[in-house]
$ cat structure.cif   # mmCIF, C-alpha atoms
data_model
loop_
_atom_site.group_PDB
_atom_site.id
_atom_site.type_symbol
_atom_site.label_atom_id
_atom_site.label_comp_id
_atom_site.auth_asym_id
_atom_site.auth_seq_id
_atom_site.Cartn_x
_atom_site.Cartn_y
_atom_site.Cartn_z
ATOM 1 C CA MET A 149 110.285 87.028 134.481
ATOM 2 C CA ALA A 150 108.054 86.982 131.456
ATOM 3 C CA ALA A 151 108.497 89.604 128.778
ATOM 4 C CA LEU A 152 105.667 92.083 128.358
ATOM 5 C CA PRO A 153 104.104 92.489 124.942
ATOM 6 C CA THR A 154 105.348 95.616 123.151
ATOM 7 C CA ALA A 155 101.824 97.068 122.992
ATOM 8 C CA ILE A 156 101.555 97.095 126.824
ATOM 9 C CA ILE A 157 104.853 98.910 127.538
ATOM 10 C CA PRO A 158 103.739 102.412 126.340
ATOM 11 C CA ILE A 159 100.525 102.083 128.354
ATOM 12 C CA LEU A 160 102.434 101.224 131.540
ATOM 13 C CA LEU A 161 104.876 104.082 131.020
ATOM 14 C CA GLY A 162 102.095 106.595 130.378
ATOM 15 C CA VAL A 163 103.270 107.364 126.845
ATOM 16 C CA GLU A 164 100.632 107.996 124.265
ATOM 17 C CA THR A 165 101.416 106.576 120.842
ATOM 18 C CA PRO A 166 100.342 108.516 117.760
ATOM 19 C CA ASP A 167 97.601 107.177 115.562
ATOM 20 C CA PHE A 168 99.227 106.674 112.163
ATOM 21 C CA PHE A 169 95.935 106.029 110.405
ATOM 22 C CA ASP A 170 94.145 109.217 111.421
ATOM 23 C CA LEU A 171 92.806 110.459 108.094
ATOM 24 C CA ASP A 172 91.406 113.704 109.506
ATOM 25 C CA ALA A 173 94.828 114.997 110.579
ATOM 26 C CA PRO A 174 96.118 118.008 108.589
ATOM 27 C CA GLU A 175 99.128 117.591 106.309
ATOM 28 C CA THR A 176 102.223 118.774 108.185
ATOM 29 C CA ARG A 177 104.730 118.196 105.404
ATOM 30 C CA PRO A 178 106.127 121.439 103.944
ATOM 31 C CA GLN A 179 105.306 122.236 100.347
ATOM 32 C CA GLY A 180 107.525 123.775 97.658
ATOM 33 C CA PRO A 181 111.336 123.877 97.626
ATOM 34 C CA ALA A 182 111.560 123.426 101.387
ATOM 35 C CA ALA A 183 110.000 119.978 101.017
ATOM 36 C CA TYR A 184 113.094 118.670 99.259
ATOM 37 C CA ALA A 185 115.711 120.258 101.493
ATOM 38 C CA ARG A 186 117.150 117.968 104.067
ATOM 39 C CA PRO A 187 119.744 118.911 106.608
ATOM 40 C CA ALA A 188 123.026 117.104 106.270
ATOM 41 C CA GLY A 189 125.657 116.808 108.897
ATOM 42 C CA GLY A 190 129.255 115.794 109.260
ATOM 43 C CA ILE A 191 131.631 115.624 106.352
ATOM 44 C CA TRP A 192 128.801 115.333 103.831
ATOM 45 C CA ALA A 193 127.706 118.891 104.594
ATOM 46 C CA ALA A 194 131.239 120.066 103.886
ATOM 47 C CA GLY A 195 130.885 119.467 100.129
ATOM 48 C CA GLU A 196 129.639 122.963 99.337
ATOM 49 C CA ARG A 197 132.174 124.572 101.634
ATOM 50 C CA ILE A 198 135.051 122.569 100.141
ATOM 51 C CA ALA A 199 133.851 123.407 96.622
ATOM 52 C CA TRP A 200 133.727 127.176 97.092
ATOM 53 C CA VAL A 201 136.970 127.433 99.076
ATOM 54 C CA SER A 202 138.763 125.306 96.489
ATOM 55 C CA GLY A 203 137.198 127.334 93.678
ATOM 56 C CA LEU A 204 138.414 130.547 95.294
ATOM 57 C CA VAL A 205 141.922 129.135 95.738
ATOM 58 C CA LEU A 206 141.864 127.873 92.138
ATOM 59 C CA ALA A 207 140.924 131.334 90.858
ATOM 60 C CA LEU A 208 143.572 133.051 92.980
ATOM 61 C CA SER A 209 146.243 130.492 92.134
ATOM 62 C CA SER A 210 146.403 131.749 88.574
ATOM 63 C CA PHE A 211 148.096 134.830 90.069
ATOM 64 C CA MET A 212 150.745 132.741 91.840
ATOM 65 C CA ASP A 213 154.063 131.661 90.374
ATOM 66 C CA TRP A 214 153.646 128.592 88.214
ATOM 67 C CA TYR A 215 157.146 128.542 86.772
ATOM 68 C CA ALA A 216 160.497 129.614 88.144
ATOM 69 C CA GLY A 217 163.976 129.676 86.707
ATOM 70 C CA SER A 218 167.070 131.737 86.274
ATOM 71 C CA GLY A 219 168.748 133.269 83.306
ATOM 72 C CA VAL A 220 171.977 135.181 83.006
ATOM 73 C CA GLY A 221 172.029 136.994 86.337
ATOM 74 C CA VAL A 222 168.225 137.080 86.518
ATOM 75 C CA LYS A 223 165.807 135.053 88.591
ATOM 76 C CA LEU A 224 162.462 134.621 86.897
ATOM 77 C CA ALA A 225 158.994 133.717 88.168
ATOM 78 C CA VAL A 226 156.014 133.468 85.822
ATOM 79 C CA ILE A 227 152.482 133.649 87.202
ATOM 80 C CA GLY A 228 149.758 131.416 85.803
ATOM 81 C CA TRP A 229 147.920 134.317 84.180
ATOM 82 C CA HIS A 230 150.935 134.890 81.891
ATOM 83 C CA THR A 231 151.217 131.280 80.728
ATOM 84 C CA GLY A 232 148.712 131.642 77.925
ATOM 85 C CA VAL A 233 145.045 130.847 77.511
ATOM 86 C CA LEU A 234 145.056 127.903 79.929
ATOM 87 C CA GLY A 235 146.212 130.071 82.822
ATOM 88 C CA LYS A 236 143.342 132.460 82.194
ATOM 89 C CA LEU A 237 140.864 129.586 81.824
ATOM 90 C CA VAL A 238 141.930 128.221 85.216
ATOM 91 C CA PHE A 239 141.030 131.586 86.730
ATOM 92 C CA PHE A 240 137.614 131.618 85.067
ATOM 93 C CA VAL A 241 136.859 128.005 86.051
ATOM 94 C CA GLY A 242 137.572 128.852 89.695
ATOM 95 C CA LEU A 243 135.510 132.005 89.375
ATOM 96 C CA ALA A 244 132.611 130.011 87.882
ATOM 97 C CA VAL A 245 132.639 127.599 90.854
ATOM 98 C CA VAL A 246 132.572 130.506 93.323
ATOM 99 C CA ALA A 247 129.787 132.233 91.355
ATOM 100 C CA LEU A 248 127.744 129.021 91.222
ATOM 101 C CA VAL A 249 127.883 128.618 94.990
ATOM 102 C CA ALA A 250 127.193 132.334 95.531
ATOM 103 C CA PHE A 251 124.124 132.198 93.284
ATOM 104 C CA ARG A 252 122.858 129.172 95.186
ATOM 105 C CA GLU A 253 123.268 130.999 98.484
ATOM 106 C CA ALA A 254 121.426 134.003 97.012
ATOM 107 C CA GLY A 255 118.452 131.782 96.237
ATOM 108 C CA PHE A 256 118.958 131.037 92.550
ATOM 109 C CA GLU A 257 118.613 127.307 91.911
ATOM 110 C CA LEU A 258 119.402 125.318 88.808
ATOM 111 C CA PRO A 259 116.634 123.146 87.386
ATOM 112 C CA PRO A 260 116.350 119.734 89.077
ATOM 113 C CA THR A 261 117.118 117.993 85.784
ATOM 114 C CA PHE A 262 120.615 119.523 85.854
ATOM 115 C CA PRO A 263 122.193 118.780 89.259
ATOM 116 C CA GLU A 264 124.486 121.462 90.569
ATOM 117 C CA SER A 265 126.884 118.900 91.976
ATOM 118 C CA LEU A 266 127.560 117.550 88.491
ATOM 119 C CA LEU A 267 128.286 121.044 87.222
ATOM 120 C CA VAL A 268 130.759 121.599 90.075
ATOM 121 C CA LEU A 269 132.303 118.208 89.339
ATOM 122 C CA ALA A 270 132.612 119.032 85.607
ATOM 123 C CA LEU A 271 134.163 122.431 86.327
ATOM 124 C CA GLY A 272 136.628 120.809 88.726
ATOM 125 C CA ALA A 273 137.578 118.179 86.151
ATOM 126 C CA LEU A 274 138.039 120.874 83.514
ATOM 127 C CA GLY A 275 140.252 122.920 85.836
ATOM 128 C CA LEU A 276 142.212 119.794 86.724
ATOM 129 C CA ILE A 277 142.843 119.027 83.050
ATOM 130 C CA PHE A 278 144.015 122.606 82.395
ATOM 131 C CA VAL A 279 146.399 122.527 85.366
ATOM 132 C CA LEU A 280 147.747 119.084 84.438
ATOM 133 C CA ILE A 281 148.500 120.295 80.909
ATOM 134 C CA ARG A 282 150.482 123.220 82.320
ATOM 135 C CA LEU A 283 152.162 120.964 84.877
ATOM 136 C CA ILE A 284 153.354 118.505 82.247
ATOM 137 C CA SER A 285 154.435 120.893 79.506
ATOM 138 C CA ILE A 286 156.152 124.208 80.139
ATOM 139 C CA PRO A 287 155.207 126.713 77.435
ATOM 140 C CA ASP A 288 158.084 128.011 75.313
ATOM 141 C CA ALA A 289 157.032 131.608 75.957
ATOM 142 C CA VAL A 290 158.107 131.443 79.602
ATOM 143 C CA LEU A 291 161.643 130.149 79.040
ATOM 144 C CA PRO A 292 164.217 130.317 80.718
ATOM 145 C CA ALA A 293 161.799 129.347 83.503
ATOM 146 C CA ASP A 294 162.639 125.669 83.538
ATOM 147 C CA GLY A 295 161.190 124.668 86.903
ATOM 148 C CA ARG A 296 157.765 124.660 88.417
ATOM 149 C CA GLY A 297 156.804 127.048 91.181
ATOM 150 C CA ILE A 298 154.619 126.409 94.197
ATOM 151 C CA GLY A 299 151.602 128.084 92.578
ATOM 152 C CA ILE A 300 151.012 125.322 90.049
ATOM 153 C CA TYR A 301 150.944 122.734 92.814
ATOM 154 C CA ILE A 302 148.481 124.878 94.747
ATOM 155 C CA SER A 303 146.372 125.027 91.578
ATOM 156 C CA LEU A 304 146.530 121.254 91.291
ATOM 157 C CA LEU A 305 145.394 120.766 94.894
ATOM 158 C CA ALA A 306 142.628 123.351 94.471
ATOM 159 C CA ALA A 307 141.338 121.645 91.306
ATOM 160 C CA LEU A 308 141.353 118.303 93.134
ATOM 161 C CA GLY A 309 139.487 120.025 95.983
ATOM 162 C CA VAL A 310 136.783 121.239 93.581
ATOM 163 C CA VAL A 311 136.398 117.697 92.222
ATOM 164 C CA PHE A 312 136.226 116.307 95.760
ATOM 165 C CA GLY A 313 133.697 118.967 96.785
ATOM 166 C CA GLY A 314 131.570 118.096 93.756
ATOM 167 C CA LEU A 315 131.684 114.415 94.681
ATOM 168 C CA LEU A 316 130.647 115.169 98.257
ATOM 169 C CA ARG A 317 127.776 117.339 97.015
ATOM 170 C CA ALA A 318 126.674 114.548 94.714
ATOM 171 C CA ALA A 319 126.673 112.222 97.713
ATOM 172 C CA GLU A 320 124.555 114.770 99.620
ATOM 173 C CA GLU A 321 121.941 114.752 96.873
ATOM 174 C CA LEU A 322 121.557 110.988 96.891
#

$ encode --input "structure.cif" --output "structure tokens"
Amino acid sequence: MAALPTAIIPILLGVETPDFFDLDAPETRPQGPAAYARPAGGIWAAGERIAWVSGLVLALSSFMDWYAGSGVGVKLAVIGWHTGVLGKLVFFVGLAVVALVAFREAGFELPPTFPESLLVLALGALGLIFVLIRLISIPDAVLPADGRGIGIYISLLAALGVVFGGLLRAAEEL
């Protein structure tokens, strides 16, 4: 059986092909900000969701126990907020990520020359550096708390989540 030319198949099936060179056709492409929005699916669409959930957990983790220890008859747990300036900065970095996503959902957009994904990525890296500093060195002000609590590890995972969310959002924008 001989193969039919590809131009004959739509005619036999009764399918009308569009005329791509019709110059009188009206422009159907949306104008303005909607022209640049493209729907994303799968894991790539999860970048914004991962970023704001991780930012929220990062902000709340500064109120979890970062250090634990025991003294003479006393068990001690120190929350991240009481570990100095870095504990407070971790809270504000997480809060900034949540606020950035909330502003975007409210309709406020950053200029196109300053991608939002890079700002989320930078905030996540900053939060990660702050948490790593507190993970490596225990401040003298919280002694006799000589061990690390679960809250600092939650902060570490949340900061990594913000970085990962920023990377996924950067991949969405490409």

$ closest_residue --input "structure.cif" --among "A:Leu258, A:Ile300, A:Leu204, A:Val226" --to "Phe239 in chain A" --atoms "only C-alpha atoms"
A:Leu204

$ atom_distance --input "structure.cif" --atom1 "CA of Gly299 in chain A" --atom2 "CA of Gly232 in chain A"
15.4 Å

$ axis_aligned_box --input "structure.cif" --around "range 213-219 of chain A" --padding-each-side "5 Å" --output "lines of an AutoDock Vina configuration file"
center_x = 161.2
center_y = 130.9
center_z = 86.8
size_x = 25.1
size_y = 14.7
size_z = 17.1

$ closest_residue --input "structure.cif" --among "A:Ala289, A:Ile284, A:Leu269, A:Ala254" --to "Gly195 in chain A" --atoms "only C-alpha atoms"
A:Leu269

$ atom_distance --input "structure.cif" --atom1 "CA of Ser303 in chain A" --atom2 "CA of Ser210 in chain A"
7.4 Å

$ closest_residue --input "structure.cif" --among "A:Ile281, A:Val245, A:Leu322, A:Ile227" --to "Val205 in chain A" --atoms "all atoms listed in the file"
A:Val245

$ atom_distance --input "structure.cif" --atom1 "CA of Gly242 in chain A" --atom2 "CA of Ala293 in chain A"
25.0 Å

$ closest_residue --input "structure.cif" --among "A:Ser265, A:Val201, A:Leu283, A:Arg296" --to "Ala225 in chain A" --atoms "all atoms listed in the file"
A:Arg296

$ closest_residue --input "structure.cif" --among "A:Ala306, A:Leu234, A:Phe262, A:Ser202" --to "Ser285 in chain A" --atoms "all atoms listed in the file"
A:Leu234

$ residues_around --input "structure.cif" --residues "Ala247 in chain A" --least-positions-apart "3" --cutoff "12 Å" --atoms "only C-alpha atoms" --output "ChimeraX atom specification"
/A:199-201,203-204,207,240-244,250-254,256,268,271

$ closest_residue --input "structure.cif" --among "A:Tyr301, A:Trp214, A:Phe312, A:Phe278" --to "Val233 in chain A" --atoms "all atoms listed in the file"
A:Phe278

$ residues_near_point --input "structure.cif" --point "(148.3, 134.5, 90.5)" --cutoff "8 Å" --atoms "all atoms listed in the file" --output "PyMOL selection string"
chain A and resi 208-213+227-229+299
